[in-house]
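This is my_file06.tsv (TSV, C-alpha atoms and all ligand atoms).
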```tsv
chain	number	residue	atom	x	y	z
A	1	MET	CA	0.00	0.00	0.00
A	2	LYS	CA	0.97	3.65	-0.41
A	3	ILE	CA	0.23	5.67	2.69
A	4	LEU	CA	0.37	9.42	3.18
A	5	ILE	CA	0.51	10.71	6.76
A	6	VAL	CA	-0.32	14.38	7.19
A	7	PHE	CA	1.04	15.28	10.62
A	8	ALA	CA	0.20	18.39	12.62
A	9	HIS	CA	2.12	18.82	15.89
A	10	PRO	CA	4.76	21.47	16.57
A	11	GLU	CA	7.04	19.40	18.84
A	12	PRO	CA	9.31	16.69	17.40
A	13	ARG	CA	9.59	15.00	20.84
A	14	SER	CA	5.83	14.97	21.44
A	15	LEU	CA	3.69	11.96	22.14
A	16	SER	CA	2.06	12.56	18.77
A	17	ALA	CA	5.45	12.43	17.03
A	18	SER	CA	6.35	9.21	18.87
A	19	LEU	CA	3.09	7.62	17.76
A	20	ARG	CA	3.65	8.81	14.20
A	21	ASP	CA	7.04	7.09	14.21
A	22	VAL	CA	5.50	3.89	15.61
A	23	ALA	CA	3.00	3.93	12.75
A	24	ILE	CA	5.61	4.64	10.08
A	25	HIS	CA	7.98	2.00	11.41
A	26	ASP	CA	5.25	-0.63	11.47
A	27	LEU	CA	3.94	0.24	8.01
A	28	GLU	CA	7.40	0.17	6.47
A	29	ALA	CA	8.17	-3.12	8.21
A	30	GLN	CA	5.09	-4.52	6.46
A	31	GLY	CA	6.55	-3.42	3.14
A	32	HIS	CA	4.25	-0.44	2.58
A	33	GLU	CA	5.47	2.83	1.11
A	34	VAL	CA	4.96	5.84	3.39
A	35	GLN	CA	5.16	9.56	2.67
A	36	LEU	CA	4.97	12.12	5.45
A	37	SER	CA	3.72	15.69	5.23
A	38	ASN	CA	4.99	17.19	8.48
A	39	LEU	CA	3.17	20.52	8.41
A	40	TYR	CA	4.98	22.44	11.17
A	41	ASP	CA	8.34	21.09	10.02
A	42	LYS	CA	7.79	22.38	6.50
A	43	GLY	CA	6.38	25.72	7.70
A	44	TRP	CA	3.07	25.09	5.98
A	45	LYS	CA	1.17	28.29	5.16
A	46	SER	CA	-2.16	27.77	6.85
A	47	GLU	CA	-4.30	30.61	5.55
A	48	ILE	CA	-5.77	30.67	2.06
A	49	ASP	CA	-5.44	34.12	0.52
A	50	ARG	CA	-4.55	35.97	-2.66
A	51	ASP	CA	-1.03	34.55	-2.68
A	52	ASP	CA	-2.58	31.16	-3.42
A	53	PHE	CA	-3.58	32.37	-6.87
A	54	PRO	CA	-0.56	34.02	-8.47
A	55	THR	CA	-2.25	34.30	-11.87
A	56	LEU	CA	-5.22	36.29	-10.52
A	57	PRO	CA	-4.94	39.77	-12.09
A	58	ALA	CA	-4.06	42.45	-9.52
A	59	GLY	CA	-7.33	44.40	-9.80
A	60	ASP	CA	-9.66	41.40	-9.75
A	61	ARG	CA	-11.75	40.60	-6.71
A	62	LEU	CA	-10.71	37.38	-4.99
A	63	LYS	CA	-13.53	34.85	-4.86
A	64	VAL	CA	-11.87	31.80	-3.44
A	65	PRO	CA	-13.97	29.03	-5.05
A	66	GLY	CA	-13.78	30.61	-8.50
A	67	SER	CA	-10.11	31.49	-8.23
A	68	SER	CA	-9.38	28.01	-6.96
A	69	ARG	CA	-11.22	26.48	-9.92
A	70	GLY	CA	-9.37	28.66	-12.40
A	71	ALA	CA	-5.99	27.86	-10.89
A	72	PHE	CA	-6.74	24.14	-10.67
A	73	ASP	CA	-7.92	23.93	-14.28
A	74	ALA	CA	-4.92	25.92	-15.50
A	75	ALA	CA	-2.47	23.89	-13.35
A	76	ALA	CA	-1.56	27.22	-11.75
A	77	LEU	CA	-1.88	26.33	-8.08
A	78	THR	CA	1.15	27.12	-5.94
A	79	ALA	CA	3.91	24.51	-5.86
A	80	ASP	CA	3.28	23.51	-2.22
A	81	VAL	CA	-0.40	22.86	-2.89
A	82	GLY	CA	0.34	21.05	-6.15
A	83	ALA	CA	2.80	18.76	-4.35
A	84	GLU	CA	0.20	17.83	-1.71
A	85	ILE	CA	-2.39	17.08	-4.39
A	86	GLY	CA	0.19	14.87	-6.07
A	87	LYS	CA	0.70	12.98	-2.80
A	88	LEU	CA	-3.05	12.53	-2.32
A	89	ARG	CA	-3.28	11.07	-5.82
A	90	TRP	CA	-0.29	8.82	-5.13
A	91	ALA	CA	-1.54	7.44	-1.81
A	92	ASP	CA	-4.20	4.78	-1.56
A	93	THR	CA	-4.53	5.52	2.15
A	94	LEU	CA	-4.48	8.90	3.88
A	95	ILE	CA	-3.87	9.33	7.60
A	96	LEU	CA	-4.45	12.70	9.28
A	97	GLN	CA	-2.73	12.83	12.67
A	98	PHE	CA	-3.21	15.63	15.20
A	99	PRO	CA	-3.84	16.50	18.84
A	100	LEU	CA	-7.43	17.50	19.54
A	101	TRP	CA	-7.29	21.24	20.07
A	102	TRP	CA	-10.52	22.96	21.02
A	103	PHE	CA	-12.57	20.01	19.88
A	104	SER	CA	-11.08	20.05	16.40
A	105	MET	CA	-7.85	19.94	14.42
A	106	PRO	CA	-5.01	22.46	14.83
A	107	ALA	CA	-5.34	25.48	12.55
A	108	ILE	CA	-2.35	24.45	10.47
A	109	LEU	CA	-4.10	21.23	9.43
A	110	LYS	CA	-7.38	22.98	8.73
A	111	GLY	CA	-5.34	25.33	6.54
A	112	TRP	CA	-3.86	22.35	4.73
A	113	VAL	CA	-7.39	21.21	3.91
A	114	ASP	CA	-8.52	24.71	2.90
A	115	ARG	CA	-5.64	25.13	0.50
A	116	VAL	CA	-5.09	21.61	-0.85
A	117	TYR	CA	-8.75	20.76	-1.41
A	118	ALA	CA	-8.99	22.82	-4.58
A	119	ASN	CA	-12.22	23.40	-6.50
A	120	GLY	CA	-12.30	20.83	-9.30
A	121	PHE	CA	-10.22	18.42	-7.26
A	122	ALA	CA	-11.93	17.89	-3.89
A	123	TYR	CA	-15.18	19.72	-4.61
A	124	GLY	CA	-17.06	20.94	-7.63
A	125	VAL	CA	-16.58	17.51	-9.21
A	126	GLY	CA	-19.14	15.84	-11.48
A	127	GLU	CA	-22.51	16.89	-12.85
A	128	HIS	CA	-24.38	19.51	-10.84
A	129	SER	CA	-28.01	19.69	-11.87
A	130	ASP	CA	-31.44	19.11	-10.36
A	131	ARG	CA	-30.88	15.39	-11.05
A	132	ARG	CA	-27.39	15.04	-9.64
A	133	TRP	CA	-25.49	17.01	-7.04
A	134	GLY	CA	-21.98	16.24	-8.09
A	135	ASP	CA	-19.65	13.40	-7.24
A	136	ARG	CA	-19.21	13.64	-3.48
A	137	TYR	CA	-19.85	11.72	-0.27
A	138	GLY	CA	-18.33	8.45	-1.40
A	139	GLU	CA	-17.63	9.53	-4.98
A	140	GLY	CA	-15.11	12.01	-6.36
A	141	ALA	CA	-11.41	12.30	-7.07
A	142	LEU	CA	-10.39	10.23	-4.04
A	143	ALA	CA	-12.99	7.47	-4.33
A	144	GLY	CA	-11.63	3.97	-3.86
A	145	LYS	CA	-9.07	5.15	-1.31
A	146	ARG	CA	-9.12	4.79	2.47
A	147	ALA	CA	-8.55	7.38	5.17
A	148	MET	CA	-8.38	7.49	8.95
A	149	LEU	CA	-7.59	9.83	11.82
A	150	ILE	CA	-5.02	9.37	14.59
A	151	VAL	CA	-6.00	11.73	17.40
A	152	THR	CA	-4.69	12.38	20.89
A	153	ALA	CA	-7.03	14.04	23.38
A	154	GLY	CA	-6.48	15.33	26.88
A	155	GLY	CA	-9.99	14.44	28.05
A	156	TRP	CA	-11.26	11.18	29.46
A	157	GLU	CA	-12.98	8.64	27.23
A	158	GLU	CA	-16.11	8.81	29.43
A	159	HIS	CA	-16.33	12.54	28.85
A	160	TYR	CA	-16.58	11.81	25.11
A	161	ALA	CA	-19.12	8.98	25.49
A	162	PRO	CA	-22.65	9.34	24.07
A	163	ARG	CA	-23.85	11.07	27.26
A	164	GLY	CA	-20.51	12.69	28.12
A	165	ILE	CA	-20.33	16.42	28.68
A	166	ASN	CA	-17.86	17.04	25.83
A	167	GLY	CA	-20.20	15.47	23.31
A	168	PRO	CA	-19.58	12.10	21.67
A	169	MET	CA	-16.20	11.80	19.94
A	170	ASP	CA	-17.95	10.36	16.87
A	171	ASP	CA	-19.97	13.57	16.63
A	172	LEU	CA	-16.97	15.85	17.18
A	173	LEU	CA	-15.04	14.07	14.45
A	174	PHE	CA	-18.02	13.83	12.08
A	175	PRO	CA	-17.23	17.09	10.26
A	176	ILE	CA	-13.73	15.75	9.56
A	177	ASN	CA	-14.62	12.14	8.83
A	178	HIS	CA	-17.72	12.91	6.78
A	179	GLY	CA	-17.22	16.49	5.62
A	180	ILE	CA	-13.49	16.42	4.83
A	181	LEU	CA	-12.70	12.76	4.13
A	182	HIS	CA	-15.86	11.10	2.83
A	183	TYR	CA	-16.84	14.21	0.83
A	184	PRO	CA	-14.11	13.83	-1.84
A	185	GLY	CA	-14.62	10.07	-1.90
A	186	TYR	CA	-12.63	8.35	0.83
A	187	GLU	CA	-13.86	5.30	2.66
A	188	VAL	CA	-13.25	6.40	6.24
A	189	LEU	CA	-12.01	3.98	8.87
A	190	PRO	CA	-12.95	4.39	12.53
A	191	PRO	CA	-10.53	6.83	14.17
A	192	PHE	CA	-7.69	5.83	16.47
A	193	VAL	CA	-8.11	7.98	19.57
A	194	VAL	CA	-5.84	8.23	22.60
A	195	TYR	CA	-7.69	9.66	25.60
A	196	ARG	CA	-6.04	11.27	28.66
A	197	ALA	CA	-2.97	11.72	26.49
A	198	ASP	CA	-1.37	14.29	28.76
A	199	ARG	CA	-1.21	11.73	31.57
A	200	LEU	CA	0.41	8.95	29.59
A	201	ASP	CA	3.45	7.30	31.16
A	202	GLU	CA	5.90	4.89	29.52
A	203	ALA	CA	3.87	1.78	30.33
A	204	GLY	CA	0.77	3.47	28.96
A	205	PHE	CA	2.69	4.47	25.85
A	206	GLU	CA	3.62	0.86	25.12
A	207	LEU	CA	-0.02	-0.20	25.34
A	208	VAL	CA	-1.12	2.60	23.05
A	209	ALA	CA	1.71	1.87	20.61
A	210	GLU	CA	0.71	-1.78	20.42
A	211	ARG	CA	-2.91	-0.81	19.81
A	212	LEU	CA	-1.74	1.51	17.03
A	213	ARG	CA	0.40	-1.20	15.43
A	214	GLY	CA	-2.72	-3.38	15.36
A	215	ARG	CA	-4.58	-0.66	13.46
A	216	MET	CA	-1.70	-0.21	11.02
A	217	ARG	CA	-1.79	-3.94	10.25
A	218	THR	CA	-5.50	-3.88	9.49
A	219	LEU	CA	-5.61	-0.72	7.40
A	220	ALA	CA	-6.65	-2.67	4.31
A	221	THR	CA	-9.24	-4.84	6.05
A	222	THR	CA	-10.91	-2.70	8.73
A	223	PRO	CA	-14.54	-2.09	7.76
A	224	PRO	CA	-15.09	1.62	7.04
A	225	LEU	CA	-17.63	3.76	8.83
A	226	PRO	CA	-20.95	2.96	7.15
A	227	PHE	CA	-21.60	6.43	5.72
A	228	ARG	CA	-24.44	6.55	3.25
A	229	ARG	CA	-23.49	7.40	-0.33
A	230	GLN	CA	-25.02	10.55	-1.72
A	231	ASN	CA	-25.83	8.97	-5.08
A	232	GLY	CA	-26.76	5.54	-3.74
A	233	GLY	CA	-30.48	6.22	-3.60
A	234	ASP	CA	-30.83	7.15	0.08
A	235	TYR	CA	-31.19	10.88	-0.53
A	236	LEU	CA	-33.82	12.95	-2.30
A	237	ILE	CA	-32.23	15.06	-5.04
A	238	PRO	CA	-32.01	18.08	-5.20
A	239	ALA	CA	-33.26	18.48	-1.60
A	240	MET	CA	-30.34	16.28	-0.47
A	241	GLN	CA	-32.38	15.03	2.43
A	242	LEU	CA	-32.41	11.48	3.67
A	243	ARG	CA	-35.52	9.72	2.45
A	244	PRO	CA	-37.97	9.21	5.30
A	245	GLY	CA	-38.05	5.85	7.04
A	246	LEU	CA	-34.55	4.62	6.20
A	247	GLU	CA	-33.21	5.13	9.70
A	248	ALA	CA	-33.79	3.02	12.78
A	249	PRO	CA	-36.52	4.52	14.99
A	250	GLY	CA	-35.15	7.27	17.21
A	251	THR	CA	-32.03	7.94	15.12
A	252	ALA	CA	-31.26	11.64	14.85
A	253	GLY	CA	-28.45	14.05	14.07
A	254	PHE	CA	-25.23	12.90	12.43
A	255	ALA	CA	-26.11	9.23	12.92
A	256	LEU	CA	-28.77	9.60	10.21
A	257	HIS	CA	-25.98	9.56	7.66
A	258	LEU	CA	-24.72	6.13	8.62
A	259	THR	CA	-26.52	3.08	7.29
A	260	HIS	CA	-26.61	1.85	10.84
A	261	GLY	CA	-26.30	4.37	13.62
A	262	ASP	CA	-23.54	2.87	15.75
A	263	PRO	CA	-20.29	2.23	13.86
A	264	GLY	CA	-19.08	0.16	16.79
A	265	LYS	CA	-15.79	0.32	18.58
A	266	ILE	CA	-12.79	-1.52	17.25
A	267	ASP	CA	-9.86	-0.54	19.47
B	301	LIG	P1	2.64	15.47	24.72
B	301	LIG	O1	2.34	16.70	25.52
B	301	LIG	O2	3.81	15.52	23.81
B	301	LIG	O3	2.82	14.22	25.67
B	301	LIG	C1	1.77	13.81	26.55
B	301	LIG	C2	2.35	12.89	27.60
B	301	LIG	O4	2.80	11.68	27.00
B	301	LIG	C3	3.57	13.49	28.32
B	301	LIG	O5	3.34	13.39	29.71
B	301	LIG	C4	4.69	12.61	27.87
B	301	LIG	O6	5.69	12.47	28.87
B	301	LIG	C5	3.97	11.28	27.67
B	301	LIG	N1	4.68	10.27	26.87
B	301	LIG	C6	4.69	8.95	27.19
B	301	LIG	N2	5.42	8.26	26.31
B	301	LIG	C7	5.90	9.15	25.42
B	301	LIG	C8	6.72	9.02	24.28
B	301	LIG	N3	7.21	7.83	23.89
B	301	LIG	N4	7.00	10.14	23.58
B	301	LIG	C9	6.52	11.33	23.94
B	301	LIG	N5	5.73	11.51	25.05
B	301	LIG	C10	5.42	10.43	25.77
B	301	LIG	N6	-7.97	18.04	24.90
B	301	LIG	C11	-9.25	17.63	24.75
B	301	LIG	O7	-9.62	16.52	25.15
B	301	LIG	N7	-10.17	18.43	24.11
B	301	LIG	C12	-9.83	19.66	23.63
B	301	LIG	O8	-10.69	20.34	23.04
B	301	LIG	C13	-8.52	20.11	23.82
B	301	LIG	N8	-8.13	21.35	23.38
B	301	LIG	C14	-6.83	21.72	23.49
B	301	LIG	C15	-6.45	22.96	22.96
B	301	LIG	C16	-5.13	23.34	23.02
B	301	LIG	C17	-4.71	24.66	22.40
B	301	LIG	C18	-4.17	22.52	23.66
B	301	LIG	C19	-2.72	22.95	23.76
B	301	LIG	C20	-4.55	21.31	24.21
B	301	LIG	C21	-5.87	20.88	24.11
B	301	LIG	N9	-6.29	19.65	24.60
B	301	LIG	C22	-7.59	19.25	24.46
B	301	LIG	C23	-5.29	18.67	25.11
B	301	LIG	C24	-4.56	18.03	23.95
B	301	LIG	O9	-5.45	17.25	23.17
B	301	LIG	C25	-3.42	17.18	24.44
B	301	LIG	O10	-2.53	18.03	25.13
B	301	LIG	C26	-2.68	16.46	23.34
B	301	LIG	O11	-3.53	15.62	22.61
B	301	LIG	C27	-1.55	15.59	23.89
B	301	LIG	O12	-0.82	15.06	22.82
B	301	LIG	P2	0.70	15.54	22.56
B	301	LIG	O13	1.24	14.82	21.42
B	301	LIG	O14	0.74	17.05	22.52
B	301	LIG	O15	1.32	15.03	23.93
```

Whole structure, structure tokens version:
Amino acid sequence: MKILIVFAHPEPRSLSASLRDVAIHDLEAQGHEVQLSNLYDKGWKSEIDRDDFPTLPAGDRLKVPGSSRGAFDAAALTADVGAEIGKLRWADTLILQFPLWWFSMPAILKGWVDRVYANGFAYGVGEHSDRRWGDRYGEGALAGKRAMLIVTAGGWEEHYAPRGINGPMDDLLFPINHGILHYPGYEVLPPFVVYRADRLDEAGFELVAERLRGRMRTLATTPPLPFRRQNGGDYLIPAMQLRPGLEAPGTAGFALHLTHGDPGKID
């Protein structure tokens, strides 16, 4: 397999970096090819702005989706963005790894998504009409590939349980798993989450590392989260609403968009 790890932590001696190295070591030992995009290390520019579109005439108003489309079609995206798109095309599996910061990803990683997910590549793909709303949510440029998150969190697992005060981890990660990964086509594997990460000692690290090695060895076989496909018949088009009656009684919120509400726990 060809695996791209996009890594977002500023400290090379961090727990996150140690886990990244465990993953890379195990994947390479299995004979897989791994590429790493270490965002802090490469000084990744996190904000999308006019500098992303060098061919936009000086007096023209910047409209990001349109400028992005023009630059993508003309192969005029900046070199750093073009290189990341090349890596996404190369990889059959994408791993995003980050510490949970304010219930989401660090800004530098969000900026990677904002800039690399160009219009025409990650969105704006396929026919858009009143019969079809593009190739997305299971279809698109990255369809047929797998993706997963490796996340460390300071909070307790119980606090992220279905009735936990922080909100369920599956819900917090839904915008990333569904909106960022499934949207351009990825099959999304259940996330690997380390809770109470700040309290981890060496013995705890070894347990977590072993759990992570297990996930690296089952990357190709782990069943993906059962997200519904946009164009699989479950949604009314163009309303893009789930047809009534497909969900189990009582299902609400994000769980509506899974063919069965509980993806289960695999760690
Ligand atoms: P590190 O700080 O690098 O290490 C954590 C511990 O692991 C240390 O005690 C270290 O000694 C130990 N360790 C054990 N073995 C090793 C090893 N082999 N290598 C390295 N270290 C090891 N948490 C939440 O739950 N929800 C939030 O919304 C949230 N928001 C945050 C926002 C910000 C801005 C920040 C800074 C933190 C936030 N946190 C939150 C906590 C955050 O998720 C954790 O601090 C982070 O995930 C810990 O991972 P790390 O890689 O930074 O760990």

Would you tabulate, counting all atoms listed in the file, all residues of segment 119-228 of chain A that have an atom at most 12 Å from an atom of segment 73-89 of chain A, showing the closest pair of atoms and their distance in Å to one decimal, sorted by chain then ascending number, as a Markdown table?
```
| residue | atom | partner | partner_atom | distance |
| --- | --- | --- | --- | --- |
| A:Asn119 | CA | A:Asp73 | CA | 8.9 |
| A:Gly120 | CA | A:Asp73 | CA | 7.3 |
| A:Phe121 | CA | A:Ile85 | CA | 8.4 |
| A:Ala122 | CA | A:Ile85 | CA | 9.6 |
| A:Gly124 | CA | A:Asp73 | CA | 11.7 |
| A:Val125 | CA | A:Asp73 | CA | 11.9 |
| A:Gly140 | CA | A:Arg89 | CA | 11.9 |
| A:Ala141 | CA | A:Arg89 | CA | 8.3 |
| A:Leu142 | CA | A:Arg89 | CA | 7.4 |
| A:Ala143 | CA | A:Arg89 | CA | 10.5 |
| A:Gly144 | CA | A:Arg89 | CA | 11.1 |
| A:Lys145 | CA | A:Arg89 | CA | 9.4 |
| A:Arg146 | CA | A:Leu88 | CA | 10.9 |
| A:Ala147 | CA | A:Leu88 | CA | 10.6 |
| A:Leu181 | CA | A:Leu88 | CA | 11.6 |
| A:Pro184 | CA | A:Leu88 | CA | 11.1 |
| A:Gly185 | CA | A:Leu88 | CA | 11.8 |
| A:Tyr186 | CA | A:Leu88 | CA | 10.9 |
```

**Request:** Compute the set of protein, DNA and RNA residues whose minimum atom distance to ligand LIG 301 (chain B) is at most 10 Å, using all atoms listed in the file, and state it as a PyMOL selection string.
**Result:** chain A and resi 8-22+97-107+151-157+159-160+166+169+172+193-206+208-209

Selection from above, C-alpha atoms, as a PDB file, keeping the file's coordinate frame, can you write it?
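Final output, saved to again13.pdb:
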```
ATOM      1  CA  ALA A   8       0.200  18.390  12.620  1.00  0.00           C
ATOM      2  CA  HIS A   9       2.120  18.820  15.890  1.00  0.00           C
ATOM      3  CA  PRO A  10       4.760  21.470  16.570  1.00  0.00           C
ATOM      4  CA  GLU A  11       7.040  19.400  18.840  1.00  0.00           C
ATOM      5  CA  PRO A  12       9.310  16.690  17.400  1.00  0.00           C
ATOM      6  CA  ARG A  13       9.590  15.000  20.840  1.00  0.00           C
ATOM      7  CA  SER A  14       5.830  14.970  21.440  1.00  0.00           C
ATOM      8  CA  LEU A  15       3.690  11.960  22.140  1.00  0.00           C
ATOM      9  CA  SER A  16       2.060  12.560  18.770  1.00  0.00           C
ATOM     10  CA  ALA A  17       5.450  12.430  17.030  1.00  0.00           C
ATOM     11  CA  SER A  18       6.350   9.210  18.870  1.00  0.00           C
ATOM     12  CA  LEU A  19       3.090   7.620  17.760  1.00  0.00           C
ATOM     13  CA  ARG A  20       3.650   8.810  14.200  1.00  0.00           C
ATOM     14  CA  ASP A  21       7.040   7.090  14.210  1.00  0.00           C
ATOM     15  CA  VAL A  22       5.500   3.890  15.610  1.00  0.00           C
ATOM     16  CA  GLN A  97      -2.730  12.830  12.670  1.00  0.00           C
ATOM     17  CA  PHE A  98      -3.210  15.630  15.200  1.00  0.00           C
ATOM     18  CA  PRO A  99      -3.840  16.500  18.840  1.00  0.00           C
ATOM     19  CA  LEU A 100      -7.430  17.500  19.540  1.00  0.00           C
ATOM     20  CA  TRP A 101      -7.290  21.240  20.070  1.00  0.00           C
ATOM     21  CA  TRP A 102     -10.520  22.960  21.020  1.00  0.00           C
ATOM     22  CA  PHE A 103     -12.570  20.010  19.880  1.00  0.00           C
ATOM     23  CA  SER A 104     -11.080  20.050  16.400  1.00  0.00           C
ATOM     24  CA  MET A 105      -7.850  19.940  14.420  1.00  0.00           C
ATOM     25  CA  PRO A 106      -5.010  22.460  14.830  1.00  0.00           C
ATOM     26  CA  ALA A 107      -5.340  25.480  12.550  1.00  0.00           C
ATOM     27  CA  VAL A 151      -6.000  11.730  17.400  1.00  0.00           C
ATOM     28  CA  THR A 152      -4.690  12.380  20.890  1.00  0.00           C
ATOM     29  CA  ALA A 153      -7.030  14.040  23.380  1.00  0.00           C
ATOM     30  CA  GLY A 154      -6.480  15.330  26.880  1.00  0.00           C
ATOM     31  CA  GLY A 155      -9.990  14.440  28.050  1.00  0.00           C
ATOM     32  CA  TRP A 156     -11.260  11.180  29.460  1.00  0.00           C
ATOM     33  CA  GLU A 157     -12.980   8.640  27.230  1.00  0.00           C
ATOM     34  CA  HIS A 159     -16.330  12.540  28.850  1.00  0.00           C
ATOM     35  CA  TYR A 160     -16.580  11.810  25.110  1.00  0.00           C
ATOM     36  CA  ASN A 166     -17.860  17.040  25.830  1.00  0.00           C
ATOM     37  CA  MET A 169     -16.200  11.800  19.940  1.00  0.00           C
ATOM     38  CA  LEU A 172     -16.970  15.850  17.180  1.00  0.00           C
ATOM     39  CA  VAL A 193      -8.110   7.980  19.570  1.00  0.00           C
ATOM     40  CA  VAL A 194      -5.840   8.230  22.600  1.00  0.00           C
ATOM     41  CA  TYR A 195      -7.690   9.660  25.600  1.00  0.00           C
ATOM     42  CA  ARG A 196      -6.040  11.270  28.660  1.00  0.00           C
ATOM     43  CA  ALA A 197      -2.970  11.720  26.490  1.00  0.00           C
ATOM     44  CA  ASP A 198      -1.370  14.290  28.760  1.00  0.00           C
ATOM     45  CA  ARG A 199      -1.210  11.730  31.570  1.00  0.00           C
ATOM     46  CA  LEU A 200       0.410   8.950  29.590  1.00  0.00           C
ATOM     47  CA  ASP A 201       3.450   7.300  31.160  1.00  0.00           C
ATOM     48  CA  GLU A 202       5.900   4.890  29.520  1.00  0.00           C
ATOM     49  CA  ALA A 203       3.870   1.780  30.330  1.00  0.00           C
ATOM     50  CA  GLY A 204       0.770   3.470  28.960  1.00  0.00           C
ATOM     51  CA  PHE A 205       2.690   4.470  25.850  1.00  0.00           C
ATOM     52  CA  GLU A 206       3.620   0.860  25.120  1.00  0.00           C
ATOM     53  CA  VAL A 208      -1.120   2.600  23.050  1.00  0.00           C
ATOM     54  CA  ALA A 209       1.710   1.870  20.610  1.00  0.00           C
TER      55      ALA A 209
END
```

**Message:** Is it possible to get the residues within 9 Å of (-4.6, 10.2, 5.0) (coordinates as in the file, counting all atoms listed in the file) written as a PyMOL selection string?
**Reply:** chain A and resi 3-6+88+91-97+146-149+181

**Request:** Go ahead and compute the interatomic distance for atom CA of Gly138 of chain A and atom CA of Arg229 of chain A, in Å to one decimal.
**Result:** 5.4 Å

**Request:** Between A:Pro57, A:Pro168, A:Pro224, A:Gly126, single out the one closest to Phe254 of chain A, counting only C-alpha atoms.
**Result:** A:Pro168

**Request:** Up to 12 Å from (2.5, -0.8, -0.8) in the file's coordinates: name the residues, counting only C-alpha atoms, as number ranges by chain.
**Result:** A: 1-4, 27-35, 90-93, 219-220

**Message:** Excluding Leu56 of chain A and its own-chain neighbours fewer than 3 positions away, which residues fall within 9 Å of it when counting all atoms listed in the file? Please give them as a PyMOL selection string.
**Reply:** chain A and resi 50+53+59-62+67+70-71

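Here atom CA of Ala118 of chain A and atom CA of Glu139 of chain A stand 15.9 Å from one another.
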